[in-house]
Structures are given as C-alpha cells and as structure tokens.
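Participant: This is the structure I want to talk about, given as structure tokens.
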Amino acid sequence: MEIASKYNPAEVEKKWYQYWMEYQLFHSEPDDREPFTIVIPPPNVTGVLHMGHMLNNTIQDVLVRRARMQGKNACWVPGTDHASIATEAKVVERLASRGIKKSDLTREEFLEHAWEWTREHGGIILEQLKKLGASCDWERTAFTMDDLRSESVLKVFCDLHEKGLIYRGVRMVNWDPQALTALSDEEVIHKEVNAKLYYLKYMVEGDPNGAYALVATTRPETIMGDTAMCIHPDDPKNAHLKGKRVIIPLVNRAIPVIEDEYVDIEFGTGCLKVTPAHDVNDYLLGEKHNLPSIDIFNDDGTLNEHGIHYKGMDRFETRKQIEKDLEEAGLIERIEPYVHKVGFSERTDAVIEPKLSMQWFLKMEQLAKPATEAVENDTIRFHPEKYKNMYRHWMENIKDWCISRQLWWGHRIPAYFLPEGGYVVAMTPEEALEKARAKVDYPLTIDDLKQDEDVLDTWFSSWLWPISVFDGINRPNNEEINYYYPTNDLVTAPEIIFFWVARMIMSGYEYRGEPCFRNVYFTGIVRDKLGRKMSKSLGNSPDPIELMNQYGADGVRMGMLLTSPAGNDLPFDELMCEQGRNFNNKIWNAFRLIEGWEVDETIPQPETAAIAVEWFQNKLFETIAEVDDLFSKYRLSEALMALYKFFWDDFSAWYLEIVKPDYQQPIDAQTYKATLHFFDALTRLLHPFMPFITEELWQALYPREKGESIMTAPQPEAGATDSGLLADFEVLKEVVSGVRAIRTEKNIPNREELELHVTGGHNDRFNSVIAKMCRLSNITTVSEKQSSAAGFFVGTTEYSVPLEEKIDVDAELEKLHAELAYTEGFLQSVLKKLSNERFVQNAKPEIVENERKKQADAESKIARLKEGIAALTLLEE
RNA sequence: GGGCGUUUAGCUCAGCUGGUUCAGAGCACCUGCCUUACAAGCAGGGGGUCGGCGGUUCAAAUCCGUCAACGCCCACCA
C-alpha cells in the first residue's frame, strides 16, 4: 500500500474524534478506580475560541489524557458561563441595532432576548474545543445558569445570609455608568490618564478683602456636591481659614472649613474640597465629620437636579463647560497638566464613578481564613509558585465582596421586600411568603412581596463551579461529588486568581470542608510578536480554527506547548505550529518506513540491530523516567521537548538508521517486532500532546479491536537502565559524528568506504554499529595515528581516517595546533587549581581526584597531539 | 507609594542545595547534499566576558549586597 509522504491531518482528526465520541471514551462514571478530575474554566457562553483558550485547553487535555492512560478514571467537565455583564451588554447592543432600548422592555421580555442570544451563540466555543481534540465528558456539559447551577447559587445565597455573612448596606461602590451597575473592586482597572489639575477659588464668606482658598481638583464638575473644605490642622499657610466658611464657585453655596490630618499639606495648595457622594476618601471624611452628602449624578453619569443649570449634561461635557464658566467668572487661578490614575470598567471601559448605593455584600474575612492557609501550607499548590505571594497578600487584605449587580441577565437575588419595610431571603416566592408571615403581624399575599431587582455577580456562581458541576450544593452527599471532589488540577490564567481561584478555594472549604483542587497551573498570556496581548480589538490574533486547518490540531497543540512554561507569557509565532506540523510529518514518515518493511522470519537478527534494540530499550526507560519527573513538576513544555528529541534524534536518526535493512532487503522478525513495540510505546507517550496522529498510527500498528483506543492504552512505565551502556552509546554517537564531519569536510561521498583507526582506549562492542553508520570497511586499533589521516578526539581517544592523498596537510596541522593550544590552556587551568594548596585542602576529595584525572587526560592528549603534529610536519617536508 | 518576579546565543527557555572541558536545548541562521521513510528532510557548522558593579569563597551563571532595565500585582493622595 502506498502511503503519502506528507501527513494530512484533516481527515484523520475528524475520523478519530467521531470514533472517540462513538465509543464514549470521554465519558466517566464513578467506579473503584482512582478519580482524576478537572473542571474547565467555563468560557463565556456566547464567546468564540481565542488563542488563550487554545493554550489553556490544550494543557488541560494533556493532563487529562495522561491521567486516563495512567489508569485513572479521568473526568474533564466542560461548561460555559453566563457572563452577566458581558452578555447583557451584547444583548443591549443587539437590541439597540434593532432600535429597541432596554428600558422599553420588561424584565421578562429582555430575558427572552437574552436567552435567544444565548441559544444562537451558545456552545459554539464548545464545538470549537472538539476540533482541538478536547477530551471533555460532553454528557456533563454544564452552564452557570442552568437549573441545577441556579438552584445551587440561590441555595448558597440563602445559606450565607442565614449565617450572617451576607448583608445589605449603603456603601461607596464602583459604578459603571454605561452598564448601569455596581462593580466589585476587582472589576475596576486603573489606568494612567493625562488630565488637568484645576486650581479653583473658594471665596471666604464675608471677608471684606476678598480672601479666598485655593483648591486643587481634577474634577471641577463635582463642586455642586461639595459639602466642606478640608485643611490640615497644622498647615500654617491655610491657618487663616480655620473656622471660616467658604463659598463654592458658581454654586454660591457656603460650606464649612473642616480640619483633618488626612490632608496632605504638600499636595496642591493643602486645601481639599470634600465631595462625600463622589469620592471614596471624601466619603470617609464625610462620615467622620458628619457631613451631608449630595449626589449630583444620575445613574448614567449625567447631572441630576443638584447640578444647577448643568442638569441633564454628561459628566465630561459638564467638566468642559464648567471650566469655561469658571474661567469667565474669574474663579480659576490656573490649570496644570496632570497625570493620574483613573478607574475604568473591566467590561465596558467606562470611567468608574464612585457612587453611594445600596448593595449586597459578602463578608470575606472568615471565608478567607482556611483558603489562605491551604495555599500557604501547599495543600493547594500553585505552579509556578510565585503566585503564592500574590495570593497571600491579597487574602490578607481582603475586603467584603459586593455581590449585587444592577442587571437582569443573571441569578436574581432571592430577597423579597415587605410592604412595610424589611425583607426576607428565600429560595422561592412561596417560601418567602411563609417566612414573611412569620415575621410580621399583618396579612400578606404573595403579590405583596417584591423581589429584589438585582442579580448576583457572575463570579458568585462560578465560585461554586467545582462543586456545582457535580450537584454538590443541592445534594451534598451524592455519589458523584463524593467521588470526583476534590478535583485534581485547575488550569487558568493568573488574571483571575482573585476573581475566581481564590473564591473557589473559599467556597470549597465552606461547602465541602476540603480543597476544591490540588494543583493550579497558571498559564501566561498569549502575545503577538510585538509583545502585545492578542485581542479581538487589536486584530492581532490568528483565527484558531484557521490555524488548525493549516497545521492540524496536533501541530497547533504542539506549537502552543513547545515554548510555554507555566506562568510565562507565550510569544506566539506560527513558526512554532510549523515545527509542530513538521514533527507530525516526521512521525508519519517513520511509520511509513516501518510499514514498508518486508519481514523475513528466517533470517537471523544482525548484531547491529541487537545492539540498537538493547540500547533503545534503555533509552526508552530513561526518557520515560525523565518525562514522569517533568510531569510531576508540571513542566509540560520540557516533557514535550524531551519526547520530541527522543523521537526525532534517538528513534529516527539513530535507532531506525541502525536497524534499517539495506534497500529492498527484508528485516528479521525479531528486530521488526521490537521496532513495532517501540513505536507503540512512542505513540502512547506522545498521545497526550498529539492525540490524533498517535491514535491513527497506534491503530495501524497492530490489529485492534473495535472500540479499542490509544486513549485507554496504558502509559509506558520506566524500568531499570544500564547506565554504562547508555554512556558507551553516547561515545558511539560522537565517533560517528566525527567520521561524518570528516566526510563532509573532505567531500567524500557516502558510498565510498572508509577505514577507521583508533588510538587509545576504546570499547569495541559497538564497532559493528559504528561501521554501519559510517560505512567503514574496518575499525583497527593502531598504536600511532597515521600521518596522512584526518583525526578527531573523543575524550582521550584519538580516532582517525586514513586518507592518503586526500589529506590537506596544512589544514590538518592548523587543526591540530588549535586543539593543542586549547588543551594546553586547559591543562594550565587544571594545574593552577591543583597547585593551589587551599584548593587541595578544602575541596571535596572527589573534586580534587577529578582534577587529577583531568590533568592526566590532558597530558596524554597533548602527547598524542604532539606526535601527530611531528608526523605531519615530517610529511610536509 | 508598597510588594513580587525576570534579566543566560538572533528568539523562547533549561541550568537543583557553588566544583565532571559548564556555558546548554529547541527554533532561527550559515555551508553542503533531491543519499529511495521524511527537502515539512539529511549531514556539518558559527554564535553568549550568563544585565552592570562590588563582596563571600580555593572555586560564582549559581550565594550576598547594590544599581539598572523590563514585567506583574496591590494602593483612597485631591
């Protein structure tokens, strides 16, 4: 059968994914094997696959596939996240394009549109993951807003409320005027902005001389909300303002001057305008000094009735306008350029407005405690470890979590307000009614209760993910949660360490009393060649599907993994995918070679093949041990690289070249069998990284049963190795390279047979192999190198190829002189060490012994080099 | 303003508790080859005073100090 010389992944990948699905090889049920569980970081339900997902999910798949092949009951649970703000924003956008405003719709109507959107776009990303080869248990696909997960969320809310950990309160929150919702601190991104610092004149009330206070502010549009001016009690330059009242420019309202040490005397003029409704610090000052609070903004960032004649204008327009007006009124002394940090909404990129509002909060201190310890004492390990510090720091300074969002798309807060004040928290309206009736002494019907309009933060559902996907909140003792939980590994981005990882750990301890996972593998950011983060808006990200079409899923998977140690950014280069594809092709062609061999049962195994088989068996064990070790440290790219070199160099370039029979000659059965066995092991070792091609070839290697798959074939295990044999073989490689170098240098064709002379110690057990690989007629030991031979050293042994007239004496001499100079220099450095008494006294004996050996070796080598030079010189004359 | 991390070949990275000719790997690059598994390949090769300075030590890429550059996280200075 003729097999194409180039591997074509498209068909193969499709075929085997279907096969895996057909035989339910991804599906897991609890049994008596050891479980291995990974829950997917649920992507946005309406999202599409990007390079970050590719990296993240490739890693998860490698871990899961390997665990499965190690005999564990592997379960990778897929799912999606409802992504409250992001999805709602998209739905609002779509409605707007159809000329519909969200405010024109009822909550129910809006949600119908949102579900429609979800049905249209939902799950696309999961289909794309299949193309990547992801071995998720698709029967378990969950959604953070499906029935079970929703029920879990409400249950947890009720429970935490019951425990007194959830409270409601008016606080300064981060308000997103575009999304019209509060955000948690984590959803605010601070960016440096070029702004202006305005110096405003606040006239002192009733001062006949027109004295004024100068206030520096970046937000002149908030002066309508000023309720005090603050100075430092010890500030001499502003002492004259103590006890006075000043008049807000344009507004013409008098406010008191208060004193507080919070004010920095050095900043600006030392006068601070206090706007408790629109600045966090001012709010605290206001509380401390009992100041009134005037909120001047509407929810959308326009000015409300307190905004005098600016009412209805946008906050930034107002700033421009007020600057003009102040200028005209002569109330601005100067304006300086000023760079400072401003908070932006993570989702909408709108400038955050600190705003006082009624929100729901979760107390974190108690929840954080076991979660902090778990990472500190390595019950949960972070890879790389450096994130431990970051985590600890955040956990130790944790603040209460604002969990309410003023959105419709999400889990509606199960709090029900009573007609005469107060509220109850309950799973259902009916239950709420019952609770409410118990609480008040007036008659109530279900219609009297008004459910809170807000929904919960998206993370309030995803923090339960490792538990809720096994329904462990609703049925805490079910078989599945007991079996699969704690999960094993989590693979995610460091960006969401606080949003998600930390909170999952907390909920894990709160609801299971156990860690939710054992290892967290943090991936880096996928960047383009210029070091920019790949993003849709920049348009610098390749389309993952296109990439897979071009290089094959296996090729892309390999490309992603080759250069990305945990926690490091991945500077993505298609060249890496090309390397992955080339490797696929290499594997493919190795298989073609083996497949093409004709086996002859009657011929004996050649000595060369016997040696190769023995050596490769050892090398295989050694590599398996190395790969096992790397996996235990989560050094995936190094494990892949080790296998890459093992296949390419050791297997293809050495093993196959040695055992390969001459053209059109059959191979002996023994070697053939061993080779198939090795190839089988290689495909299994590589399978977690490149699932498709390995399945294709593994299936073709031997007759397989229907439904049988490499996916469930055991991962090869390491065995004892003969280190002497391995070391000797390395010498062999060097000798072969040496002879090849001479061929290249002297332009000697491969067909031409050569002789090899050996001067010095040489183990001849591999001579037959050397002869085959170098096409030598014989290998003989000589006491002295022939003058007309080209030579090289391996260790202290000199190898040489007699060349007669072909030798270029001058060039050869030059080489020998260079080698001599180097060796003499080396000897000098060794002698220097050895003549240093302190070295001989203090260094460990084996180190000193080693230096002595180096000395002896160098000396013998120098002697041999000198002989060679002398002989050649003679020849020249 | 605090804290953490990184700095080794053109690129991406290994080099554990200091000591085998220790300066490595992959890719890229250069040279020569269409040698019947593979030109998506084969053979050979060049390339780094291990960020700077100082210290400890018989011995430093490795330990200590310091400076610099870059990156990340946290933070309420108007």
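To be explicit about the labels: the chains of the structure tokens are called A, B, and onward in the order shown, and within each one the residues are counted from 1, while ligands get numbers from 1 in the order they are shown.
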Please identify all polymer residues within 12 Å of range 38-49 of chain B, counting only C-alpha atoms (C1' of nucleotides), omitting same-chain residues fewer than 3 positions from it, and present them as a PyMOL selection string.
Facilitator: (chain A and resi 3-8+551+555+575+577-593+648+652-653+657+736-750+774) or (chain B and resi 8-10+23-24+28-35+61)
Participant: Would you list which chain B residues are within 9 Å of chain A using only C-alpha atoms (C1' of nucleotides), as a list of chain:residue names?
Facilitator: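 Listing them in order of chain and number gives B:G3, B:C4, B:G5, B:U12, B:C13, B:A14, B:G19, B:U20, B:U21, B:A25, B:G26, B:C27, B:G32, B:U35, B:U36, B:A37, B:C38, B:A40, B:G41, B:A43, B:G44, B:C58, B:A59, B:C73, B:C74, B:C76, B:C77, B:A78.
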Participant: Could you state the separation of CA of Ser535 in chain A and CA of Ile496 in chain A in Å, given to one decimal place?
Facilitator: 16.9 Å
